[in-house]
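Shown next: structure_11.txt, given as compact mmCIF, C-alpha atoms.
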```
# COMPACT_ATOMS: atom_id res chain seq x y z
CA MET F 51 -17.50 17.24 -12.43
CA ILE F 52 -14.69 19.54 -13.55
CA LEU F 53 -10.99 18.94 -13.00
CA TYR F 54 -9.14 22.26 -13.18
CA GLN F 55 -5.53 22.79 -12.10
CA GLY F 56 -5.62 19.74 -9.85
CA LYS F 57 -8.93 20.54 -8.14
CA ILE F 58 -12.34 18.92 -8.60
CA LEU F 59 -14.98 21.64 -8.98
CA GLU F 60 -18.72 21.84 -9.62
CA ASN F 61 -20.11 22.00 -13.16
CA SER F 62 -21.79 25.31 -12.28
CA ARG F 63 -18.39 27.00 -12.66
CA GLN F 64 -17.88 25.77 -16.22
CA ASP F 65 -18.38 29.05 -18.09
CA GLU F 66 -16.33 31.05 -15.62
CA LEU F 67 -13.40 28.63 -15.79
CA ILE F 68 -13.39 28.31 -19.56
CA GLU F 69 -13.33 32.11 -19.90
CA SER F 70 -10.34 32.33 -17.58
CA MET F 71 -8.42 29.37 -19.07
CA ILE F 72 -6.46 31.53 -21.45
CA ASN F 73 -4.70 33.05 -18.44
CA VAL F 74 -3.41 29.70 -17.16
CA LEU F 75 -3.54 27.21 -20.05
CA TYR F 76 -0.23 28.15 -21.64
CA LYS F 77 1.84 28.35 -18.44
CA PRO F 78 3.86 25.20 -19.28
CA MET F 79 4.77 26.63 -22.69
CA GLU F 80 5.78 29.97 -21.18
CA SER F 81 8.07 28.21 -18.69
CA GLY F 82 10.08 26.69 -21.54
CA MET F 83 10.41 23.48 -19.53
CA PRO F 84 8.92 20.55 -21.46
CA LEU F 85 7.08 17.79 -19.64
CA SER F 86 9.35 14.81 -19.13
CA THR F 87 8.10 11.47 -20.45
CA ASP F 88 9.68 9.83 -17.39
CA THR F 89 7.56 12.04 -15.12
CA VAL F 90 4.38 10.81 -16.81
CA ILE F 91 5.45 7.17 -16.80
CA ASN F 92 6.43 7.29 -13.10
CA ALA F 93 3.02 8.72 -12.15
CA CYS F 94 1.08 6.26 -14.32
CA ASP F 95 3.02 3.30 -12.94
CA GLN F 96 2.22 4.32 -9.37
CA LEU F 97 -1.44 4.76 -10.34
CA ALA F 98 -1.51 1.28 -11.91
CA ALA F 99 -0.04 -0.20 -8.73
CA LYS F 100 -2.78 1.44 -6.65
CA ILE F 101 -5.46 0.09 -8.98
CA LYS F 102 -4.01 -3.42 -8.73
CA ASN F 103 -3.92 -3.02 -4.94
CA GLY F 104 -7.67 -2.35 -4.90
CA ASP F 105 -7.42 1.29 -3.77
CA TYR F 106 -10.16 2.34 -6.21
CA ASP F 107 -12.43 -0.72 -6.09
CA ASP F 108 -15.37 1.48 -5.08
CA ILE F 109 -15.50 2.85 -8.63
CA VAL F 110 -13.64 0.11 -10.52
CA LYS F 111 -15.95 -2.77 -9.61
CA PRO F 112 -19.15 -0.98 -10.75
CA PHE F 113 -17.30 -0.10 -13.97
CA LEU F 114 -16.44 -3.75 -14.61
CA SER F 115 -20.03 -4.76 -13.99
CA LEU F 116 -21.52 -2.00 -16.15
CA PHE F 117 -19.38 -2.87 -19.18
CA ASN F 118 -19.36 -6.63 -18.53
CA ILE F 119 -15.55 -6.62 -18.42
CA SER F 120 -13.79 -9.69 -17.07
CA GLU F 121 -10.99 -9.43 -14.55
CA ASN F 122 -8.50 -10.60 -17.18
CA GLN F 123 -9.66 -7.91 -19.63
CA PHE F 124 -9.37 -5.27 -16.92
CA GLN F 125 -5.84 -6.36 -15.99
CA ASP F 126 -4.90 -5.97 -19.67
CA MET F 127 -6.23 -2.41 -19.50
CA VAL F 128 -4.31 -1.65 -16.31
CA ARG F 129 -1.13 -2.99 -17.94
CA LEU F 130 -1.37 -0.11 -20.42
CA PHE F 131 -0.64 2.29 -17.54
CA THR F 132 2.37 0.42 -16.15
CA ARG F 133 5.99 1.44 -16.61
CA GLU F 134 6.67 -1.63 -18.72
CA GLY F 135 3.72 -0.94 -21.01
CA LEU F 136 4.34 2.77 -21.43
CA GLU F 137 8.10 2.48 -21.91
CA TYR F 138 7.50 -0.14 -24.59
CA LYS F 139 4.91 2.11 -26.26
CA CYS F 140 7.29 5.09 -26.25
CA SER F 141 10.16 2.97 -27.57
CA ILE F 142 8.06 2.18 -30.63
CA GLU F 143 6.27 5.48 -31.23
CA LEU F 144 8.97 7.94 -30.17
CA SER F 145 12.04 5.98 -31.24
CA ASP F 146 13.39 8.78 -33.45
CA GLU F 147 12.67 11.62 -31.03
CA GLU F 148 15.92 13.49 -31.72
CA LYS F 149 18.67 12.97 -34.29
CA ILE F 150 21.11 14.70 -36.60
CA ILE F 151 20.39 14.28 -40.31
CA ASP F 152 22.73 15.05 -43.18
CA GLY F 153 25.41 15.82 -40.59
CA LYS F 154 24.12 19.32 -39.90
CA ILE F 155 20.34 19.34 -39.35
CA LEU F 156 18.93 18.72 -35.88
CA ARG F 157 15.57 16.95 -36.09
CA LYS F 158 13.58 17.07 -32.86
CA ARG F 159 10.07 16.13 -31.84
CA TYR F 160 7.83 18.69 -30.11
CA PRO F 161 4.25 18.39 -28.82
CA LEU F 162 1.46 19.93 -30.87
CA GLY F 163 0.73 22.14 -27.85
CA VAL F 164 -2.82 21.91 -26.50
CA LEU F 165 -5.12 18.99 -27.30
CA LEU F 166 -8.88 18.77 -26.85
CA HIS F 167 -9.95 15.14 -26.38
CA ILE F 168 -13.59 14.50 -27.31
CA ALA F 169 -14.05 11.04 -25.81
CA ALA F 170 -16.45 8.27 -26.71
CA GLY F 171 -18.44 6.41 -24.08
CA ASN F 172 -18.12 2.79 -25.23
CA VAL F 173 -15.12 2.08 -22.96
CA ASP F 174 -14.99 4.08 -19.75
CA ILE F 175 -11.22 3.87 -19.25
CA LEU F 176 -10.51 5.20 -22.75
CA PRO F 177 -10.89 8.94 -21.95
CA ALA F 178 -8.21 8.75 -19.25
CA TYR F 179 -5.88 6.77 -21.51
CA SER F 180 -6.35 9.28 -24.32
CA VAL F 181 -5.14 12.01 -21.95
CA VAL F 182 -2.17 9.85 -20.89
CA GLU F 183 -1.16 9.58 -24.55
CA GLY F 184 -1.37 13.35 -24.79
CA LEU F 185 0.86 13.66 -21.72
CA LEU F 186 3.42 11.18 -23.04
CA SER F 187 3.80 13.34 -26.14
CA GLY F 188 4.22 16.45 -23.93
CA ASN F 189 0.88 18.14 -24.60
CA ILE F 190 -1.48 20.14 -22.41
CA ASN F 191 -4.79 18.25 -22.42
CA ILE F 192 -8.43 19.27 -22.18
CA LEU F 193 -10.82 16.31 -21.87
CA LYS F 194 -14.49 16.55 -22.77
CA LEU F 195 -16.16 13.69 -20.94
CA PRO F 196 -18.56 11.44 -22.86
CA MET F 197 -22.24 11.41 -22.00
CA GLY F 198 -22.97 9.10 -19.10
CA ASP F 199 -19.38 8.97 -17.86
CA SER F 200 -19.30 7.07 -14.57
CA GLY F 201 -16.69 9.33 -12.95
CA LEU F 202 -13.85 6.85 -13.38
CA SER F 203 -11.95 9.10 -15.82
CA VAL F 204 -11.99 12.12 -13.50
CA LYS F 205 -11.03 9.98 -10.52
CA LEU F 206 -8.06 8.39 -12.30
CA LEU F 207 -6.76 11.71 -13.63
CA TYR F 208 -7.25 13.41 -10.27
CA GLU F 209 -5.28 10.64 -8.57
CA LEU F 210 -2.57 10.95 -11.22
CA ILE F 211 -2.17 14.62 -10.27
CA GLN F 212 -2.02 13.73 -6.56
CA ILE F 213 0.86 11.39 -7.36
CA GLU F 214 2.62 13.97 -9.54
CA PRO F 215 1.45 17.57 -8.90
CA GLU F 216 3.42 18.84 -11.91
CA LEU F 217 0.68 17.32 -14.09
CA SER F 218 -1.94 19.75 -12.75
CA ASP F 219 -0.96 22.27 -15.44
CA TYR F 220 -1.36 19.64 -18.16
CA ILE F 221 -4.81 18.17 -17.39
CA TYR F 222 -8.23 19.82 -17.58
CA VAL F 223 -11.55 17.94 -17.61
CA PHE F 224 -15.00 19.35 -18.42
CA ASP F 225 -18.38 17.60 -18.47
CA VAL F 226 -19.75 19.54 -21.44
CA PRO F 227 -22.75 18.01 -23.26
CA SER F 228 -22.23 17.54 -27.00
CA THR F 229 -25.24 19.78 -27.60
CA GLU F 230 -23.35 22.77 -26.15
CA THR F 231 -21.56 23.46 -29.41
CA GLU F 232 -20.77 27.07 -28.53
CA THR F 233 -18.87 26.00 -25.41
CA LEU F 234 -17.06 23.23 -27.26
CA THR F 235 -16.10 25.68 -29.98
CA LYS F 236 -14.55 27.97 -27.34
CA LEU F 237 -12.49 25.05 -26.05
CA ALA F 238 -11.47 23.96 -29.55
CA LYS F 239 -10.25 27.45 -30.42
CA LEU F 240 -7.78 27.25 -27.55
CA CYS F 241 -6.21 24.11 -28.99
CA ASN F 242 -3.65 23.10 -31.59
CA GLY F 243 -5.33 19.76 -32.16
CA VAL F 244 -8.69 18.10 -31.54
CA VAL F 245 -8.75 14.36 -30.83
CA VAL F 246 -12.12 12.85 -31.71
CA TRP F 247 -13.27 9.41 -30.62
CA GLY F 248 -16.55 8.69 -32.39
CA GLY F 249 -18.42 8.18 -35.62
CA ASP F 250 -18.84 10.29 -38.71
CA ALA F 251 -21.23 12.69 -37.00
CA ALA F 252 -18.78 13.35 -34.16
CA VAL F 253 -15.90 13.94 -36.58
CA LYS F 254 -18.01 16.24 -38.74
CA ALA F 255 -19.11 18.22 -35.68
CA ALA F 256 -15.48 18.61 -34.61
CA ARG F 257 -14.47 19.88 -38.05
CA ASN F 258 -17.25 22.46 -37.85
CA MET F 259 -15.92 23.69 -34.51
CA VAL F 260 -12.38 24.50 -35.61
CA ASP F 261 -10.76 26.64 -38.25
CA VAL F 262 -8.59 25.22 -41.01
CA ASN F 263 -5.30 25.55 -39.10
CA THR F 264 -6.34 23.24 -36.24
CA LYS F 265 -5.37 19.62 -36.67
CA ILE F 266 -8.13 17.00 -36.35
CA ILE F 267 -7.02 13.55 -35.18
CA ALA F 268 -10.01 11.25 -35.69
CA TRP F 269 -10.24 7.85 -34.09
CA GLY F 270 -13.60 7.17 -35.69
CA HIS F 271 -16.00 4.31 -35.14
CA LYS F 272 -14.73 1.30 -37.03
CA LEU F 273 -16.28 -1.95 -38.19
CA SER F 274 -14.72 -5.34 -37.58
CA PHE F 275 -15.60 -8.82 -38.80
CA ALA F 276 -14.43 -12.39 -39.13
CA TYR F 277 -13.44 -14.12 -42.36
CA ALA F 278 -13.98 -17.87 -42.32
CA GLU F 279 -13.16 -20.89 -44.41
CA ASN F 280 -15.48 -23.87 -44.21
CA ASP F 281 -12.66 -25.79 -42.52
CA ALA F 282 -12.77 -23.46 -39.50
CA SER F 283 -12.78 -25.59 -36.36
CA ASP F 284 -15.47 -25.66 -33.69
CA GLU F 285 -12.85 -24.33 -31.26
CA GLN F 286 -12.28 -21.28 -33.48
CA LEU F 287 -16.02 -20.66 -33.79
CA LYS F 288 -16.46 -21.03 -30.04
CA ALA F 289 -13.65 -18.52 -29.39
CA LEU F 290 -15.31 -16.06 -31.76
CA ALA F 291 -18.70 -16.57 -30.11
CA GLN F 292 -17.13 -15.98 -26.70
CA SER F 293 -15.61 -12.71 -27.91
CA ILE F 294 -19.00 -11.63 -29.25
CA CYS F 295 -20.72 -12.41 -25.94
CA ASP F 296 -17.97 -10.80 -23.85
CA THR F 297 -18.20 -7.45 -25.65
CA ASN F 298 -21.80 -7.54 -26.88
CA GLN F 299 -20.24 -6.20 -30.11
CA LEU F 300 -19.93 -2.69 -28.64
CA LEU F 301 -16.25 -2.10 -29.38
CA CYS F 302 -14.71 -1.02 -32.67
CA SER F 303 -12.80 -4.30 -32.63
CA SER F 304 -15.90 -6.41 -31.96
CA CYS F 305 -17.08 -8.87 -34.59
CA GLN F 306 -20.22 -7.59 -36.33
CA GLY F 307 -20.51 -10.47 -38.77
CA ILE F 308 -18.76 -13.23 -40.67
CA PHE F 309 -17.77 -13.35 -44.31
CA VAL F 310 -17.55 -16.93 -45.57
CA ASP F 311 -15.23 -17.91 -48.41
CA THR F 312 -17.90 -19.28 -50.72
CA ASP F 313 -20.28 -18.29 -53.48
CA SER F 314 -22.65 -21.15 -52.59
CA LYS F 315 -25.75 -20.25 -50.62
CA ASP F 316 -26.07 -23.83 -49.39
CA GLU F 317 -22.56 -23.68 -47.89
CA GLN F 318 -23.36 -20.28 -46.38
CA LEU F 319 -26.52 -21.63 -44.70
CA GLU F 320 -24.70 -24.71 -43.47
CA PHE F 321 -22.07 -22.48 -41.89
CA ALA F 322 -24.75 -20.19 -40.42
CA ASN F 323 -26.54 -23.11 -38.74
CA ARG F 324 -23.26 -24.43 -37.38
CA PHE F 325 -22.25 -21.08 -35.92
CA PHE F 326 -25.73 -20.38 -34.52
CA LYS F 327 -25.64 -23.61 -32.53
CA ILE F 328 -22.27 -22.68 -31.03
CA LEU F 329 -23.37 -19.09 -30.33
CA CYS F 330 -26.41 -20.40 -28.46
CA GLU F 331 -24.22 -22.65 -26.32
CA VAL F 332 -21.81 -19.84 -25.43
CA ASN F 333 -24.64 -17.39 -24.82
CA SER F 334 -26.28 -19.77 -22.33
CA LEU F 335 -23.10 -19.72 -20.23
CA SER F 336 -22.56 -15.95 -20.44
CA THR F 337 -23.95 -13.04 -18.45
CA ALA F 338 -27.41 -12.20 -19.78
CA VAL F 339 -27.88 -9.20 -22.06
CA ASP F 340 -29.77 -6.26 -20.57
CA TYR F 341 -33.53 -6.80 -20.86
CA GLY F 342 -34.07 -3.50 -22.68
CA MET F 343 -31.61 -4.40 -25.43
CA ARG F 344 -33.11 -7.88 -25.76
CA ALA F 345 -36.53 -6.30 -26.19
CA LYS F 346 -35.24 -3.84 -28.79
CA ASN F 347 -33.61 -6.60 -30.80
CA ALA F 348 -36.71 -8.78 -30.52
CA ILE F 349 -38.46 -6.06 -32.55
CA ASN F 350 -35.57 -5.94 -35.03
CA ILE F 351 -35.71 -9.71 -35.54
CA TYR F 352 -39.50 -9.63 -35.84
CA ASN F 353 -39.17 -7.04 -38.61
CA GLU F 354 -36.51 -9.18 -40.29
CA ARG F 355 -38.97 -12.09 -40.39
CA LEU F 356 -41.71 -9.86 -41.80
CA GLU F 357 -39.44 -8.66 -44.58
CA LYS F 358 -37.61 -11.88 -45.44
CA HIS F 359 -39.84 -12.52 -48.47
CA THR F 360 -38.31 -9.41 -50.05
CA THR F 361 -34.80 -9.54 -48.55
CA GLY F 362 -34.22 -13.25 -49.01
CA ASN F 363 -32.52 -13.34 -45.61
CA THR F 364 -32.50 -16.50 -43.50
CA ILE F 365 -33.05 -15.72 -39.81
CA LEU F 366 -31.96 -18.03 -37.02
CA SER F 367 -32.91 -16.72 -33.58
CA SER F 368 -33.42 -17.86 -30.02
CA ASP F 369 -33.35 -16.32 -26.55
CA GLY F 370 -32.53 -12.81 -27.78
CA ILE F 371 -29.65 -13.75 -30.10
CA SER F 372 -29.61 -14.30 -33.84
CA VAL F 373 -27.63 -15.23 -36.89
CA ILE F 374 -28.90 -13.71 -40.15
CA ALA F 375 -27.63 -15.12 -43.45
CA LYS F 376 -27.77 -12.40 -46.12
CA ASP F 377 -27.29 -12.39 -49.88
CA ASP F 378 -25.28 -9.16 -50.14
CA SER F 379 -21.59 -8.79 -49.35
CA SER F 380 -21.60 -5.30 -47.84
CA LEU F 381 -19.88 -4.50 -44.56
CA GLU F 382 -22.38 -3.19 -42.03
CA LEU F 383 -23.08 -2.74 -38.35
CA SER F 384 -25.01 -5.61 -36.81
CA TYR F 385 -27.90 -5.27 -34.38
CA MET F 386 -25.20 -5.96 -31.76
CA TYR F 387 -25.80 -7.63 -28.40
CA ARG F 388 -25.08 -11.09 -29.85
CA ASN F 389 -26.78 -10.68 -33.20
CA VAL F 390 -24.52 -11.56 -36.12
CA TRP F 391 -24.81 -11.44 -39.91
CA ILE F 392 -23.20 -14.01 -42.21
CA LYS F 393 -22.45 -13.24 -45.86
CA ARG F 394 -20.73 -14.82 -48.83
CA LEU F 395 -17.43 -13.31 -49.96
CA PRO F 396 -15.06 -15.50 -51.99
CA LYS F 397 -11.33 -14.89 -51.45
CA SER F 398 -11.08 -13.51 -54.97
CA GLN F 399 -13.47 -10.70 -53.95
CA ILE F 400 -11.85 -9.61 -50.68
CA HIS F 401 -10.37 -6.62 -52.50
CA THR F 402 -13.89 -5.16 -52.84
CA LEU F 403 -13.77 -4.29 -49.13
CA ILE F 404 -11.44 -1.43 -50.02
CA LYS F 405 -14.49 0.81 -50.52
CA TYR F 406 -14.88 0.68 -46.72
CA LYS F 407 -11.23 1.66 -46.16
CA ASN F 408 -12.01 4.37 -43.62
CA TYR F 409 -14.12 2.00 -41.53
CA LEU F 410 -12.09 -1.19 -41.55
CA GLN F 411 -10.31 -2.16 -38.36
CA THR F 412 -10.05 -5.75 -37.11
CA ALA F 413 -10.57 -9.00 -38.97
CA ALA F 414 -10.26 -12.46 -37.43
CA VAL F 415 -9.21 -15.21 -39.81
CA LEU F 416 -10.81 -18.59 -39.13
CA THR F 417 -9.19 -21.53 -40.89
CA THR F 418 -7.13 -24.55 -39.92
CA ASP F 419 -5.01 -24.29 -43.08
CA THR F 420 -1.89 -22.19 -42.38
CA SER F 421 -1.26 -21.41 -46.04
CA LYS F 422 -4.84 -20.16 -46.47
CA GLN F 423 -4.47 -18.07 -43.31
CA GLU F 424 -1.45 -16.24 -44.71
CA GLU F 425 -3.10 -15.72 -48.08
CA ILE F 426 -6.29 -14.33 -46.56
CA ALA F 427 -4.40 -12.09 -44.12
CA GLU F 428 -2.43 -10.54 -46.98
CA LYS F 429 -5.59 -9.90 -49.01
CA LEU F 430 -7.30 -8.31 -46.01
CA ALA F 431 -4.30 -6.07 -45.33
CA LEU F 432 -4.21 -4.90 -48.94
CA ALA F 433 -7.94 -4.13 -48.74
CA GLY F 434 -7.38 -1.80 -45.77
CA VAL F 435 -7.80 -3.92 -42.63
CA VAL F 436 -5.33 -2.74 -39.95
CA ARG F 437 -5.60 -5.50 -37.31
CA ILE F 438 -5.66 -9.19 -38.24
CA THR F 439 -6.11 -11.67 -35.40
CA SER F 440 -7.16 -15.17 -34.49
CA ALA F 441 -10.77 -15.89 -33.54
CA GLY F 442 -10.48 -15.17 -29.83
CA ASN F 443 -8.16 -12.18 -29.97
CA MET F 444 -10.22 -9.55 -31.77
CA ASN F 445 -10.61 -7.55 -28.58
CA ARG F 446 -7.09 -8.02 -27.27
CA THR F 447 -5.37 -5.15 -25.48
CA VAL F 448 -1.64 -5.21 -26.16
CA CYS F 449 0.94 -2.62 -25.17
CA GLY F 450 2.52 -1.00 -28.20
CA GLU F 451 -0.32 -1.66 -30.63
CA ALA F 452 -1.20 1.07 -33.10
CA HIS F 453 -4.52 2.95 -33.10
CA ASP F 454 -6.41 2.15 -36.29
CA GLY F 455 -3.21 1.74 -38.28
CA THR F 456 -1.19 4.66 -36.96
CA TYR F 457 0.66 5.76 -33.81
CA ALA F 458 -1.10 8.19 -31.47
CA LEU F 459 2.07 9.72 -30.01
CA ARG F 460 3.26 10.66 -33.48
CA GLU F 461 -0.12 12.13 -34.37
CA TYR F 462 0.08 14.29 -31.24
CA SER F 463 3.54 15.57 -32.15
CA ARG F 464 5.27 17.71 -34.75
CA ILE F 465 8.80 17.52 -36.08
CA VAL F 466 11.03 20.60 -36.03
CA GLU F 467 14.25 20.65 -38.05
CA ARG F 468 16.87 23.31 -37.56
CA GLU F 469 20.50 23.76 -38.42
CA ALA F 470 22.70 22.41 -35.67
CA SER F 471 25.02 24.82 -33.88
CA VAL F 472 28.46 25.07 -35.48
CA GLU F 473 31.34 24.81 -33.00
```

Representation of the structure as structure tokens:
Amino acid sequence: MILYQGKILENSRQDELIESMINVLYKPMESGMPLSTDTVINACDQLAAKIKNGDYDDIVKPFLSLFNISENQFQDMVRLFTREGLEYKCSIELSDEEKIIDGKILRKRYPLGVLLHIAAGNVDILPAYSVVEGLLSGNINILKLPMGDSGLSVKLLYELIQIEPELSDYIYVFDVPSTETETLTKLAKLCNGVVVWGGDAAVKAARNMVDVNTKIIAWGHKLSFAYAENDASDEQLKALAQSICDTNQLLCSSCQGIFVDTDSKDEQLEFANRFFKILCEVNSLSTAVDYGMRAKNAINIYNERLEKHTTGNTILSSDGISVIAKDDSSLELSYMYRNVWIKRLPKSQIHTLIKYKNYLQTAAVLTTDTSKQEEIAEKLALAGVVRITSAGNMNRTVCGEAHDGTYALREYSRIVEREASVE
């Protein structure tokens, strides 16, 4: 589906509409009337109220089922669209929107202009929220839907325009496959900035689509993990296991593995056995993983067992889940879907994670010793981790949080300084 100037149109009109966009895309700029943040917040708040009221349950409920999202998690997502959530976000990210500096210079924030959002498909509400962030910063937004989008993004943005028709000139949505690089390049050339949600390949492809004077804002795939002391409680390990089962490790903030503060392999294996038992218990009470993914990981675990005489890995597995104790201390993606690695990494070596600085996101600290918790958190922050949480909060959704260590609304803006008028 295509969303173009407030109307939902067929994909067959894609080429025609993209060719004609240049005639309509810059209308808001030509008017000289910037989009009011209050206008966006009012519309989003009304949309959130409708979602809470069940007006869109026909598409929301299948979305929750598809991504195995609990009602509590979904309510946290909806809260991001409420007046309270958005006003709080703007108060943090746009707090210095306009001011006089040095008594004579007017500093004012302006939008970049036109943004192309290349969305990822791991969270279906993310594409719509990315556009909302573009709107809050005053930009015109073109959204490229991710492959396999369920239609929720288009529906939410269409409803947003019905609530506030002024937004029709600020929102465009196209269902362009990533393989259509020529079409994406045409869209990118219309924009002042390209927002990329995805891994290295997606970011590289975006850079190849634009010339050097187009800003790339990359929210790349990140890797997250837990860091545990041997004194971590069973409650902390259970909370971590629950988070792993809830997300199937599909989010950037999901735990891929656990670093243990030890250089002893015996202590590592003892911890691995302890966590595996808890993971099995939590898994048995959770919604089952898709059969296809269980089958795929059964092959992965089988290969791990075949190769363990050369890798030295210890594999604990049952009912489609696994814990693999490894001898290296590298940060890596797990097999996901409740398959976790466990590695040794003494506190004195946490700084070595800095080589993964562009991939680090969330780390949960598991210890019952408050002084150790503070020490570890500081070491992780210095190594490049940008979110440090407790065991059960790795996948939290909190209004006002930064994206990967920076503020989206500032990334989507530019600062103009000019001499103030002299009276």

* To do: Go through F:Ile58, F:Cys302, F:Leu234, F:Ile155 one by one, measure the shortest atom-to-atom distance of each to Ile221 in chain F using all atoms listed in the file, and give the residue with the smallest value.
  => F:Ile58

* Write out as a PyMOL selection string which residues come within 8 Å of range 99-103 of chain F when counting only C-alpha atoms, dropping same-chain ones fewer than 4 positions away. => chain F and resi 95+107+128+132

* Got a sec: who's within 12 Å of Lys429 in chain F, counting only C-alpha atoms, leaving out chain neighbours fewer than 4 positions off, as a PyMOL selection string? -> chain F and resi 277+396-404+413+415+422-425+433-436+438

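For the set F:Met444, F:Ile175, F:Val339, F:Leu319, the residue with the smallest atom-to-atom gap to Ser304 in chain F is F:Met444, counting all atoms listed in the file.
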
* **Distance query Trp269 in chain F at most 7 Å, all atoms listed in the file, self and fewer than 4 positions along chain excluded, as a list in words** =>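 My reading of the contact set: Val246, Trp247 and Gly248 of chain F.
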
* To do: Tell me, as a ChimeraX atom specification, which residues lie within 9 Å of range 450-467 of chain F, counting all atoms listed in the file; anything in the same chain fewer than 2 positions away does not count.
  => /F:130,135-136,138-144,147,155-163,165,180,183-184,186-189,243,245,267,269-270,272,410-412,435-437,447-448,469-470

* Would you list the residues near (-21.4, 0.0, -37.1) (no more than 6 Å away, in the coordinates of the file, using all atoms listed in the file) as a ChimeraX atom specification? => /F:273,382-383

Write out the residues from the selection above, keeping C-alpha atoms, as an mmCIF file, keeping the file's coordinate frame.
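Writing done, so here's selection-v8.cif:
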```cif
data_model
loop_
_atom_site.group_PDB
_atom_site.id
_atom_site.type_symbol
_atom_site.label_atom_id
_atom_site.label_comp_id
_atom_site.auth_asym_id
_atom_site.auth_seq_id
_atom_site.Cartn_x
_atom_site.Cartn_y
_atom_site.Cartn_z
ATOM 1 C CA LEU F 273 -16.280 -1.950 -38.190
ATOM 2 C CA GLU F 382 -22.380 -3.190 -42.030
ATOM 3 C CA LEU F 383 -23.080 -2.740 -38.350
#
```

* **Pairwise distance for CA of Lys327 in chain F and CA of Ile426 in chain F, rounded to one decimal in Å** => 25.6 Å
